[in-house]
>>> print(open('work.txt').read())   # compact mmCIF, C-alpha atoms
# COMPACT_ATOMS: atom_id res chain seq x y z
CA MET P 1 -76.66 4.01 12.21
CA SER P 2 -75.50 1.10 10.11
CA LYS P 3 -73.76 3.55 7.77
CA SER P 4 -71.58 4.90 10.57
CA ILE P 5 -70.59 1.38 11.64
CA LEU P 6 -69.64 0.57 8.04
CA LYS P 7 -67.59 3.74 7.96
CA LYS P 8 -65.80 2.71 11.13
CA LEU P 9 -65.10 -0.75 9.74
CA GLY P 10 -63.78 0.72 6.47
CA PHE P 11 -60.23 -0.14 7.45
CA LEU P 12 -61.10 -3.83 6.98
CA LYS P 13 -60.97 -3.16 3.25
CA ALA P 14 -57.19 -2.81 3.65
CA LEU P 15 -57.07 -6.32 5.05
CA ILE P 16 -58.84 -7.65 1.96
CA ILE P 17 -56.36 -5.87 -0.31
CA ALA P 18 -53.45 -7.10 1.81
CA GLY P 19 -54.79 -10.63 1.58
CA ARG P 20 -54.96 -10.40 -2.18
CA VAL P 21 -51.47 -8.93 -2.61
CA GLY P 22 -49.75 -11.19 -0.09
CA ARG P 23 -46.43 -10.52 1.54
CA VAL P 24 -44.33 -7.82 -0.12
CA THR P 25 -41.53 -7.51 2.42
CA ARG P 26 -38.15 -8.84 1.32
CA LYS P 27 -36.39 -11.14 3.75
CA TYR P 28 -33.12 -9.64 2.62
CA PRO P 29 -30.37 -10.46 5.13
CA PHE P 30 -31.63 -14.06 5.05
CA GLU P 31 -32.09 -14.38 1.28
CA LYS P 32 -30.32 -13.44 -1.94
CA PRO P 33 -30.24 -9.73 -2.81
CA LEU P 34 -31.93 -8.26 -5.87
CA THR P 35 -29.17 -7.24 -8.24
CA THR P 36 -29.36 -6.87 -11.99
CA SER P 37 -26.50 -7.21 -14.44
CA GLU P 38 -26.43 -3.43 -14.89
CA PHE P 39 -25.77 -2.79 -11.23
CA ARG P 40 -22.43 -1.13 -10.59
CA GLY P 41 -20.64 -2.19 -7.44
CA LYS P 42 -17.09 -2.09 -6.22
CA ILE P 43 -14.18 -2.47 -8.64
CA GLU P 44 -11.43 -5.04 -8.44
CA ILE P 45 -7.87 -4.45 -9.55
CA ASP P 46 -6.11 -7.44 -11.09
CA GLU P 47 -2.53 -7.18 -9.89
CA THR P 48 -1.29 -9.54 -12.63
CA LYS P 49 -2.45 -7.13 -15.35
CA CYS P 50 -2.05 -3.67 -13.73
CA ILE P 51 0.94 -1.71 -15.02
CA GLY P 52 0.65 1.25 -12.65
CA CYS P 53 0.24 3.86 -15.39
CA GLY P 54 -2.16 6.00 -13.36
CA ALA P 55 -4.81 6.47 -16.08
CA CYS P 56 -7.54 5.45 -13.62
CA VAL P 57 -6.23 7.98 -11.09
CA ASN P 58 -6.53 10.77 -13.66
CA VAL P 59 -10.21 10.10 -14.41
CA CYS P 60 -11.39 9.24 -10.89
CA PRO P 61 -13.82 12.04 -9.96
CA SER P 62 -13.50 11.56 -6.22
CA ASN P 63 -9.83 10.48 -6.07
CA ALA P 64 -10.78 7.13 -4.59
CA LEU P 65 -7.86 5.81 -6.60
CA THR P 66 -4.56 7.44 -5.69
CA ILE P 67 -1.03 6.67 -6.76
CA THR P 68 1.97 7.50 -4.61
CA SER P 69 5.68 6.88 -4.94
CA ARG P 70 7.28 5.91 -1.66
CA GLY P 71 10.63 4.31 -0.89
CA GLY P 72 11.29 2.90 -4.35
CA GLU P 73 7.76 1.51 -4.67
CA ILE P 74 4.77 2.89 -6.54
CA ILE P 75 1.58 2.25 -4.61
CA LEU P 76 -1.87 2.28 -6.21
CA GLN P 77 -4.49 2.62 -3.52
CA TYR P 78 -8.24 2.14 -3.87
CA PHE P 79 -10.34 3.53 -1.03
CA ILE P 80 -13.85 2.07 -1.34
CA GLY P 81 -15.22 4.55 1.18
CA ARG P 82 -14.83 7.38 -1.31
CA CYS P 83 -15.71 5.57 -4.54
CA VAL P 84 -18.86 6.73 -6.36
CA TYR P 85 -19.04 3.64 -8.62
CA CYS P 86 -18.96 5.54 -11.92
CA TRP P 87 -16.70 2.85 -13.48
CA ARG P 88 -14.80 5.40 -15.54
CA CYS P 89 -11.56 3.69 -14.51
CA ILE P 90 -12.75 0.49 -16.23
CA ASP P 91 -13.32 2.36 -19.50
CA VAL P 92 -9.92 3.98 -19.40
CA CYS P 93 -7.69 1.10 -18.25
CA PRO P 94 -5.31 0.23 -21.13
CA THR P 95 -4.76 -3.38 -20.01
CA ASN P 96 -8.30 -4.18 -18.73
CA ALA P 97 -6.86 -4.78 -15.28
CA ILE P 98 -9.84 -3.19 -13.54
CA LYS P 99 -12.94 -5.32 -13.41
CA GLY P 100 -16.35 -4.26 -12.16
CA THR P 101 -18.32 -6.43 -9.76
CA SER P 102 -21.88 -6.22 -8.47
CA GLU P 103 -20.71 -6.38 -4.87
CA PHE P 104 -22.40 -3.94 -2.55
CA GLU P 105 -22.19 -5.63 0.85
CA LEU P 106 -19.23 -3.52 1.84
CA ALA P 107 -20.17 -2.48 5.36
CA SER P 108 -17.37 -2.70 7.88
CA ASN P 109 -16.64 -1.55 11.39
CA ASN P 110 -13.04 -0.81 10.58
CA ALA P 111 -11.98 1.88 8.10
CA SER P 112 -8.82 -0.01 7.14
CA ASP P 113 -10.97 -2.80 5.63
CA LEU P 114 -12.03 -0.40 2.91
CA TYR P 115 -8.60 -0.20 1.30
CA GLU P 116 -7.28 -2.21 -1.62
CA ILE P 117 -3.61 -1.68 -2.34
CA VAL P 118 -1.44 -2.74 -5.27
CA ILE P 119 2.32 -2.36 -4.80
CA HIS P 120 4.48 -1.99 -7.91
CA ASP P 121 8.21 -2.38 -8.31
CA THR P 122 9.99 0.58 -9.86
CA PHE P 123 13.18 1.19 -11.75
CA SER P 124 15.53 4.17 -11.35
CA CYS P 125 17.24 6.29 -13.96
CA LYS P 126 20.69 4.92 -14.78
CA SER P 127 22.42 8.31 -14.76
CA CYS P 128 20.59 10.42 -12.14
CA GLY P 129 19.11 7.67 -9.93
CA ARG P 130 15.59 9.11 -9.72
CA VAL P 131 12.58 6.77 -9.61
CA ILE P 132 10.81 6.95 -12.99
CA THR P 133 7.91 4.50 -13.39
CA THR P 134 7.02 0.93 -12.64
CA THR P 135 8.92 -1.93 -14.21
CA ARG P 136 5.62 -3.21 -15.61
CA MET P 137 5.03 0.13 -17.36
CA ARG P 138 8.46 -0.02 -19.01
CA ASP P 139 7.82 -3.55 -20.24
CA TYR P 140 4.41 -2.50 -21.57
CA VAL P 141 5.91 0.44 -23.49
CA LEU P 142 8.71 -1.75 -24.86
CA GLY P 143 6.08 -4.15 -26.14
CA LYS P 144 4.38 -1.34 -28.03
CA PHE P 145 7.39 0.56 -29.38
CA GLN P 146 10.92 -0.40 -30.27
CA LEU P 147 13.09 1.80 -28.10
CA SER P 148 16.87 1.88 -28.41
CA GLU P 149 18.66 0.02 -25.66
CA ASN P 150 20.65 3.13 -24.80
CA TYR P 151 17.54 4.95 -23.65
CA ILE P 152 15.51 2.27 -21.89
CA ASP P 153 16.90 2.79 -18.42
CA LEU P 154 16.94 6.61 -18.55
CA GLY P 155 14.44 9.09 -17.22
CA PRO P 156 12.72 11.61 -19.52
CA ASP P 157 15.19 14.40 -18.75
CA CYS P 158 18.28 12.24 -18.99
CA ARG P 159 16.92 10.65 -22.17
CA ARG P 160 16.56 14.07 -23.78
CA LYS P 161 20.08 15.03 -22.74
CA ALA P 162 21.51 11.76 -24.05
CA PHE P 163 19.66 12.17 -27.35
CA LEU P 164 20.89 15.75 -27.80
CA SER P 165 24.46 14.80 -27.04
CA ALA P 166 24.17 11.97 -29.57
CA ILE P 167 23.05 14.48 -32.24
CA GLU P 168 25.86 16.78 -31.18
CA ARG P 169 28.37 14.02 -31.69
CA ARG P 170 26.97 13.21 -35.13
CA PHE P 171 27.01 16.77 -36.45
CA GLY P 172 30.17 17.84 -34.65
CA GLY P 173 28.95 20.45 -32.20
CA SER P 174 31.28 22.57 -30.10
CA MET K 1 -15.95 -6.16 20.02
CA ARG K 2 -19.26 -6.29 18.26
CA ALA K 3 -21.95 -3.71 18.75
CA GLY K 4 -24.53 -6.43 19.27
CA GLU K 5 -22.96 -7.29 22.60
CA PHE K 6 -23.85 -3.87 23.89
CA LEU K 7 -27.24 -3.55 22.29
CA LYS K 8 -29.04 -6.84 22.67
CA LYS K 9 -32.46 -5.28 22.19
CA SER K 10 -33.88 -3.22 19.33
CA ILE K 11 -31.72 -0.40 18.06
CA TRP K 12 -33.27 3.03 17.87
CA VAL K 13 -31.77 5.23 15.24
CA PHE K 14 -31.57 8.96 14.77
CA HIS K 15 -31.23 10.21 11.23
CA LEU K 16 -28.65 12.99 10.96
CA ASN K 17 -28.24 14.72 7.62
CA THR K 18 -24.98 16.67 7.56
CA GLY K 19 -25.27 18.28 4.16
CA SER K 20 -25.86 15.32 1.91
CA CYS K 21 -27.56 15.46 -1.48
CA ASN K 22 -30.64 13.64 -0.07
CA ALA K 23 -30.07 10.48 -2.12
CA CYS K 24 -28.93 8.52 0.93
CA ASP K 25 -31.82 9.98 2.93
CA ILE K 26 -34.30 8.70 0.37
CA GLU K 27 -32.71 5.25 0.65
CA ILE K 28 -33.13 5.40 4.44
CA ILE K 29 -36.84 6.08 3.90
CA ASP K 30 -36.84 3.12 1.49
CA VAL K 31 -35.48 0.88 4.23
CA LEU K 32 -38.32 1.89 6.55
CA THR K 33 -41.09 1.21 4.01
CA PRO K 34 -42.91 -2.19 4.04
CA TYR K 35 -40.86 -3.44 1.10
CA PHE K 36 -37.56 -3.65 3.00
CA ASP K 37 -39.01 -3.04 6.46
CA ALA K 38 -36.11 -2.47 8.80
CA GLU K 39 -38.51 -2.63 11.73
CA ARG K 40 -38.52 -6.43 11.53
CA LEU K 41 -34.88 -6.17 12.68
CA GLY K 42 -35.95 -3.89 15.51
CA VAL K 43 -34.91 -0.61 13.94
CA LYS K 44 -37.00 2.37 14.94
CA LEU K 45 -36.54 5.94 13.83
CA VAL K 46 -36.66 8.37 16.72
CA VAL K 47 -36.91 12.15 16.64
CA SER K 48 -34.32 13.05 19.24
CA PRO K 49 -30.70 11.92 19.60
CA ARG K 50 -31.38 11.58 23.34
CA HIS K 51 -33.55 8.55 22.59
CA ALA K 52 -31.21 7.00 20.05
CA ASP K 53 -28.62 4.23 20.24
CA VAL K 54 -27.26 4.69 16.75
CA ILE K 55 -26.83 7.78 14.60
CA LEU K 56 -27.43 7.32 10.88
CA LEU K 57 -25.05 9.90 9.51
CA THR K 58 -25.28 10.94 5.87
CA GLY K 59 -23.34 13.62 4.05
CA PRO K 60 -19.77 14.90 4.06
CA ILE K 61 -20.31 17.11 7.18
CA THR K 62 -20.26 20.74 6.12
CA HIS K 63 -18.61 23.38 8.30
CA GLU K 64 -22.05 24.89 8.83
CA SER K 65 -23.46 21.65 10.26
CA LEU K 66 -20.38 20.63 12.27
CA PRO K 67 -21.37 22.27 15.61
CA LYS K 68 -24.85 20.75 15.40
CA VAL K 69 -23.44 17.33 14.55
CA ILE K 70 -21.13 17.49 17.55
CA ARG K 71 -24.06 18.53 19.78
CA ALA K 72 -26.23 15.69 18.47
CA ILE K 73 -23.50 13.11 19.03
CA GLU K 74 -22.72 14.50 22.48
CA SER K 75 -26.36 14.24 23.54
CA THR K 76 -26.68 10.60 22.45
CA PRO K 77 -26.43 8.33 25.50
CA ARG K 78 -23.53 5.86 25.73
CA PRO K 79 -22.95 3.31 24.25
CA ARG K 80 -23.30 5.37 21.12
CA PHE K 81 -22.58 4.18 17.60
CA ILE K 82 -22.39 5.92 14.25
CA LEU K 83 -23.53 4.33 11.00
CA ALA K 84 -21.77 6.33 8.30
CA LEU K 85 -24.00 5.92 5.26
CA GLY K 86 -22.79 6.65 1.77
CA SER K 87 -19.48 7.58 0.26
CA CYS K 88 -19.73 11.13 1.58
CA ALA K 89 -19.94 10.04 5.20
CA CYS K 90 -17.36 7.27 4.78
CA GLY K 91 -14.58 9.36 3.32
CA GLY K 92 -15.89 12.63 1.93
CA GLY K 93 -17.00 11.27 -1.44
CA ILE K 94 -16.83 13.76 -4.27
CA TRP K 95 -16.44 16.56 -1.71
CA TYR K 96 -13.52 15.15 0.21
CA ASP K 97 -11.31 18.22 -0.18
CA THR K 98 -13.64 21.12 -0.87
CA TYR K 99 -13.55 24.33 1.16
CA SER K 100 -16.93 23.88 2.85
CA THR K 101 -16.77 20.29 4.12
CA ILE K 102 -14.52 18.54 6.60
CA GLY K 103 -14.52 15.29 4.60
CA GLY K 104 -16.52 12.58 6.28
CA VAL K 105 -16.54 10.66 9.54
CA PRO K 106 -12.77 9.95 9.76
CA GLU K 107 -12.15 13.69 10.08
CA LEU K 108 -15.09 14.07 12.47
CA LEU K 109 -13.63 11.41 14.77
CA LYS K 110 -10.39 13.41 15.01
CA ILE K 111 -12.38 16.50 16.05
CA LEU K 112 -14.42 14.49 18.58
CA GLU K 113 -11.23 13.08 20.06
CA LYS K 114 -9.95 16.61 20.70
CA LEU K 115 -13.23 17.46 22.44
CA HIS K 116 -13.05 14.24 24.54
CA ILE K 117 -16.35 12.93 23.16
CA LYS K 118 -16.16 9.16 22.93
CA VAL K 119 -17.83 7.19 20.16
CA ASP K 120 -18.03 3.46 20.86
CA GLY K 121 -17.94 2.36 17.27
CA VAL K 122 -18.32 3.49 13.69
CA TYR K 123 -19.80 1.32 10.95
CA TYR K 124 -18.88 2.39 7.44
CA VAL K 125 -21.44 1.65 4.72
CA PRO K 126 -20.04 2.66 1.30
CA GLY K 127 -22.26 3.25 -1.72
CA CYS K 128 -23.23 6.25 -3.77
CA PRO K 129 -26.05 6.31 -2.85
CA VAL K 130 -26.21 3.36 -0.45
CA ARG K 131 -28.57 0.61 -1.51
CA PRO K 132 -31.40 -0.12 0.93
CA GLU K 133 -30.09 -3.68 1.07
CA SER K 134 -26.67 -2.30 1.91
CA ILE K 135 -28.16 -0.53 4.93
CA LEU K 136 -29.96 -3.72 5.97
CA TYR K 137 -26.69 -5.62 5.62
CA ALA K 138 -24.99 -3.05 7.87
CA ILE K 139 -27.76 -3.45 10.44
CA GLY K 140 -27.34 -7.23 10.20
CA LEU K 141 -23.60 -6.82 10.73
CA PHE K 142 -24.34 -4.53 13.66
CA LYS K 143 -26.58 -7.11 15.29
CA GLY K 144 -24.30 -10.02 14.41
CA ILE K 145 -26.73 -11.68 11.97
CA VAL K 146 -24.38 -11.64 8.97
CA GLY K 147 -20.63 -11.86 8.70
CA LYS K 148 -18.20 -9.28 7.39
CA LYS K 149 -17.34 -9.89 3.75
CA ILE K 150 -14.76 -7.20 3.08
CA ARG K 151 -11.18 -7.04 4.30
CA ARG K 152 -8.06 -5.03 3.67
CA ARG K 153 -6.21 -6.36 0.68
CA VAL K 154 -2.59 -5.66 -0.15
CA LYS K 155 -1.47 -7.09 -3.48
CA ARG K 156 1.97 -7.10 -4.99
CA ALA K 157 2.45 -6.82 -8.75
CA ILE K 158 5.04 -9.46 -9.58
CA VAL K 159 7.25 -8.66 -12.55
>>> encode(input="work.txt", output="structure tokens")
Amino acid sequence: MSKSILKKLGFLKALIIAGRVGRVTRKYPFEKPLTTSEFRGKIEIDETKCIGCGACVNVCPSNALTITSRGGEIILQYFIGRCVYCWRCIDVCPTNAIKGTSEFELASNNASDLYEIVIHDTFSCKSCGRVITTTRMRDYVLGKFQLSENYIDLGPDCRRKAFLSAIERRFGGS
Amino acid sequence: MRAGEFLKKSIWVFHLNTGSCNACDIEIIDVLTPYFDAERLGVKLVVSPRHADVILLTGPITHESLPKVIRAIESTPRPRFILALGSCACGGGIWYDTYSTIGGVPELLKILEKLHIKVDGVYYVPGCPVRPESILYAIGLFKGIVGKKIRRRVKRAIV
């Protein structure tokens, strides 16, 4: 008889354990979140360092980063809604313009909030007028290599043509 | 217009997996365990979309699941809300342009608009997978407990 009552009151053991352990529930929206230094959150693009080379776009596995040329401007667009937080863009950025944060509170009721856009100025080819790359990119390349002034403002095709015609002139082609 | 104005009482959620890799689904289970305990915010998981206020949508919505997703959303009573959990639901994720998926909730909303099915609001919760805290934050945003932290940013690179 007493055994069966003890069996029925067996659930009280859980209360004893619960009393020993205490409260485990996090009060999260009302307290600080648990994030470690290794946690990978959203990335941030520093517009003062970005040169618009598109290296991050090449490695992005989900094409969260896209680069488009529109109306004389090159636009680098980061769509957080598609990002998988692999941080490969940070590894590959030549100017360390992309910085990783531990931000994860990214919920929004509007899809347009999830976009981060960097607009770059471009320069056009002097002879054919086509948009080549960003002005920042040209300055970055000029800082690395000494390029002749004749070829700075030319596109790749026009530069090749100009170079060949220069050789032609030197060796007296037909 | 905030969702909390419509739903002053507890929100009942229906979990809808539309072809996700199950990582986000495991995080949803995490949120319901005593450690994070979404029930203290009034969240209750229900088994039928007819009982639900909010649909927790995970996955990039495969073509195979699309008719079922539309049926589930149609049978949810108004006001109905969608919580798009994870990168896949928010914008297609890794599978945004593959042959077998439609690419997330933005594409689904276009299809629903053609079928004249109204959705009162969509909450996007990015993350791959979403953190349990991220889901709790979204629920807090939904109920008006916390404020929105993210906004559209347009920067100009000055030469």
>>> residues_around(input="work.txt", residues="Asn109 in chain P", least_positions_apart="3", cutoff="10 Å", atoms="only C-alpha atoms", output="list in words")
Ser112, Asp113 and Leu114 of chain P; Met1, Arg2, Ala3, Ile82, Leu83, Ala84, Gly121, Val122, Tyr123, Tyr124, Val125, Ala138, Leu141, Phe142 and Lys148 of chain K
>>> atom_distance(input="work.txt", atom1="CA of Leu115 in chain K", atom2="CA of Ile28 in chain K")
29.4 Å
>>> interface_residues(input="work.txt", of="chain K", to="chain P", cutoff="6 Å", atoms="all atoms listed in the file", output="NGL selection string")
:K and (34-36 or 87 or 90-91 or 93-94 or 122-126 or 128 or 134 or 138 or 150-157)
>>> atom_distance(input="work.txt", atom1="CA of Cys89 in chain P", atom2="CA of Leu142 in chain P")
23.4 Å
>>> axis_aligned_box(input="work.txt", around="range 136-148 of chain K", padding_each_side="8 Å", output="lines of an AutoDock Vina configuration file")
center_x = -24.1
center_y = -7.5
center_z = 10.5
size_x = 27.8
size_y = 24.8
size_z = 25.7
>>> closest_residue(input="work.txt", among="P:Arg160, P:Ser2, P:Arg88, P:Phe39", to="Val59 in chain P", atoms="all atoms listed in the file")
P:Arg88
>>> residues_around(input="work.txt", residues="Glu39 in chain K", least_positions_apart="3", cutoff="12 Å", atoms="all atoms listed in the file", output="PDB file with C-alpha atoms, in the coordinates of the input")
ATOM      1  CA  THR P  25     -41.530  -7.510   2.420  1.00  0.00           C
ATOM      2  CA  LYS P  27     -36.390 -11.140   3.750  1.00  0.00           C
TER       3      LYS P  27
ATOM      4  CA  SER K  10     -33.880  -3.220  19.330  1.00  0.00           C
ATOM      5  CA  ILE K  11     -31.720  -0.400  18.060  1.00  0.00           C
ATOM      6  CA  TRP K  12     -33.270   3.030  17.870  1.00  0.00           C
ATOM      7  CA  VAL K  13     -31.770   5.230  15.240  1.00  0.00           C
ATOM      8  CA  ILE K  29     -36.840   6.080   3.900  1.00  0.00           C
ATOM      9  CA  ASP K  30     -36.840   3.120   1.490  1.00  0.00           C
ATOM     10  CA  VAL K  31     -35.480   0.880   4.230  1.00  0.00           C
ATOM     11  CA  LEU K  32     -38.320   1.890   6.550  1.00  0.00           C
ATOM     12  CA  THR K  33     -41.090   1.210   4.010  1.00  0.00           C
ATOM     13  CA  PRO K  34     -42.910  -2.190   4.040  1.00  0.00           C
ATOM     14  CA  TYR K  35     -40.860  -3.440   1.100  1.00  0.00           C
ATOM     15  CA  PHE K  36     -37.560  -3.650   3.000  1.00  0.00           C
ATOM     16  CA  GLY K  42     -35.950  -3.890  15.510  1.00  0.00           C
ATOM     17  CA  VAL K  43     -34.910  -0.610  13.940  1.00  0.00           C
ATOM     18  CA  LYS K  44     -37.000   2.370  14.940  1.00  0.00           C
ATOM     19  CA  LEU K  45     -36.540   5.940  13.830  1.00  0.00           C
ATOM     20  CA  LEU K 136     -29.960  -3.720   5.970  1.00  0.00           C
ATOM     21  CA  ILE K 139     -27.760  -3.450  10.440  1.00  0.00           C
TER      22      ILE K 139
END
>>> atom_distance(input="work.txt", atom1="CA of Thr101 in chain K", atom2="CA of Ile61 in chain K")
5.7 Å
>>> closest_residue(input="work.txt", among="K:Pro132, K:Gly140, K:Pro49, K:Gly147", to="Cys24 in chain K", atoms="only C-alpha atoms")
K:Pro132
>>> residues_around(input="work.txt", residues="Arg78 in chain K", least_positions_apart="3", cutoff="9 Å", atoms="only C-alpha atoms", output="ChimeraX atom specification")
/K:53,81,118-120
>>> residues_near_point(input="work.txt", point="(-17.0, 11.5, 10.1)", cutoff="10 Å", atoms="all atoms listed in the file", output="ChimeraX atom specification")
/K:18,57-61,66,69,82-84,88-92,102-112,122,124
>>> decode(input="work.txt", residues="range 89-162 of chain P", atoms="C-alpha atoms", output="compact mmCIF listing (two decimals), in the first residue's frame")
# COMPACT_ATOMS: atom_id res chain seq x y z
CA CYS P 89 34.94 37.73 -48.04
CA ILE P 90 36.91 38.95 -45.01
CA ASP P 91 39.79 36.58 -45.82
CA VAL P 92 39.91 37.65 -49.44
CA CYS P 93 39.48 41.43 -49.17
CA PRO P 94 42.74 43.07 -50.34
CA THR P 95 42.22 46.28 -48.35
CA ASN P 96 40.61 44.79 -45.19
CA ALA P 97 37.51 46.85 -45.88
CA ILE P 98 35.18 44.07 -44.73
CA LYS P 99 34.93 43.61 -41.00
CA GLY P 100 33.11 40.85 -39.18
CA THR P 101 30.79 41.60 -36.28
CA SER P 102 29.03 39.37 -33.78
CA GLU P 103 25.67 40.95 -34.56
CA PHE P 104 22.83 38.51 -34.95
CA GLU P 105 19.76 40.54 -33.99
CA LEU P 106 18.88 41.13 -37.61
CA ALA P 107 15.15 40.43 -37.63
CA SER P 108 13.09 42.92 -39.58
CA ASN P 109 9.58 43.23 -40.91
CA ASN P 110 10.75 44.89 -44.07
CA ALA P 111 12.95 43.15 -46.64
CA SER P 112 14.58 46.42 -47.72
CA ASP P 113 16.16 46.75 -44.26
CA LEU P 114 18.35 43.78 -45.05
CA TYR P 115 20.37 45.57 -47.73
CA GLU P 116 23.69 47.33 -47.36
CA ILE P 117 24.81 49.21 -50.43
CA VAL P 118 28.12 50.84 -51.32
CA ILE P 119 28.11 53.12 -54.38
CA HIS P 120 31.39 53.66 -56.21
CA ASP P 121 32.33 56.32 -58.72
CA THR P 122 33.68 55.02 -62.02
CA PHE P 123 35.87 56.30 -64.78
CA SER P 124 35.38 55.74 -68.52
CA CYS P 125 37.87 54.81 -71.20
CA LYS P 126 39.33 57.91 -72.84
CA SER P 127 39.06 56.58 -76.40
CA CYS P 128 35.95 54.34 -76.46
CA GLY P 129 33.97 55.81 -73.53
CA ARG P 130 33.09 52.49 -71.88
CA VAL P 131 32.91 52.25 -68.08
CA ILE P 132 35.96 50.30 -66.87
CA THR P 133 36.32 50.11 -63.07
CA THR P 134 35.97 52.28 -60.02
CA THR P 135 38.16 55.31 -59.52
CA ARG P 136 39.27 53.80 -56.20
CA MET P 137 40.44 50.65 -57.99
CA ARG P 138 42.54 52.68 -60.43
CA ASP P 139 44.16 54.61 -57.59
CA TYR P 140 44.86 51.35 -55.74
CA VAL P 141 46.53 49.81 -58.81
CA LEU P 142 48.56 52.98 -59.43
CA GLY P 143 49.79 52.77 -55.86
CA LYS P 144 51.03 49.23 -56.47
CA PHE P 145 52.49 49.55 -59.96
CA GLN P 146 53.96 52.40 -61.94
CA LEU P 147 51.82 52.63 -65.04
CA SER P 148 52.62 54.99 -67.90
CA GLU P 149 50.41 58.06 -68.00
CA ASN P 150 49.40 57.25 -71.57
CA TYR P 151 47.60 54.11 -70.48
CA ILE P 152 45.98 55.08 -67.18
CA ASP P 153 42.69 56.27 -68.58
CA LEU P 154 42.29 53.49 -71.16
CA GLY P 155 40.30 50.29 -70.97
CA PRO P 156 41.97 46.88 -71.37
CA ASP P 157 41.16 46.61 -75.08
CA CYS P 158 42.10 50.17 -75.92
CA ARG P 159 45.27 49.83 -73.84
CA ARG P 160 46.32 46.78 -75.85
CA LYS P 161 45.63 48.59 -79.12
CA ALA P 162 47.57 51.66 -77.98
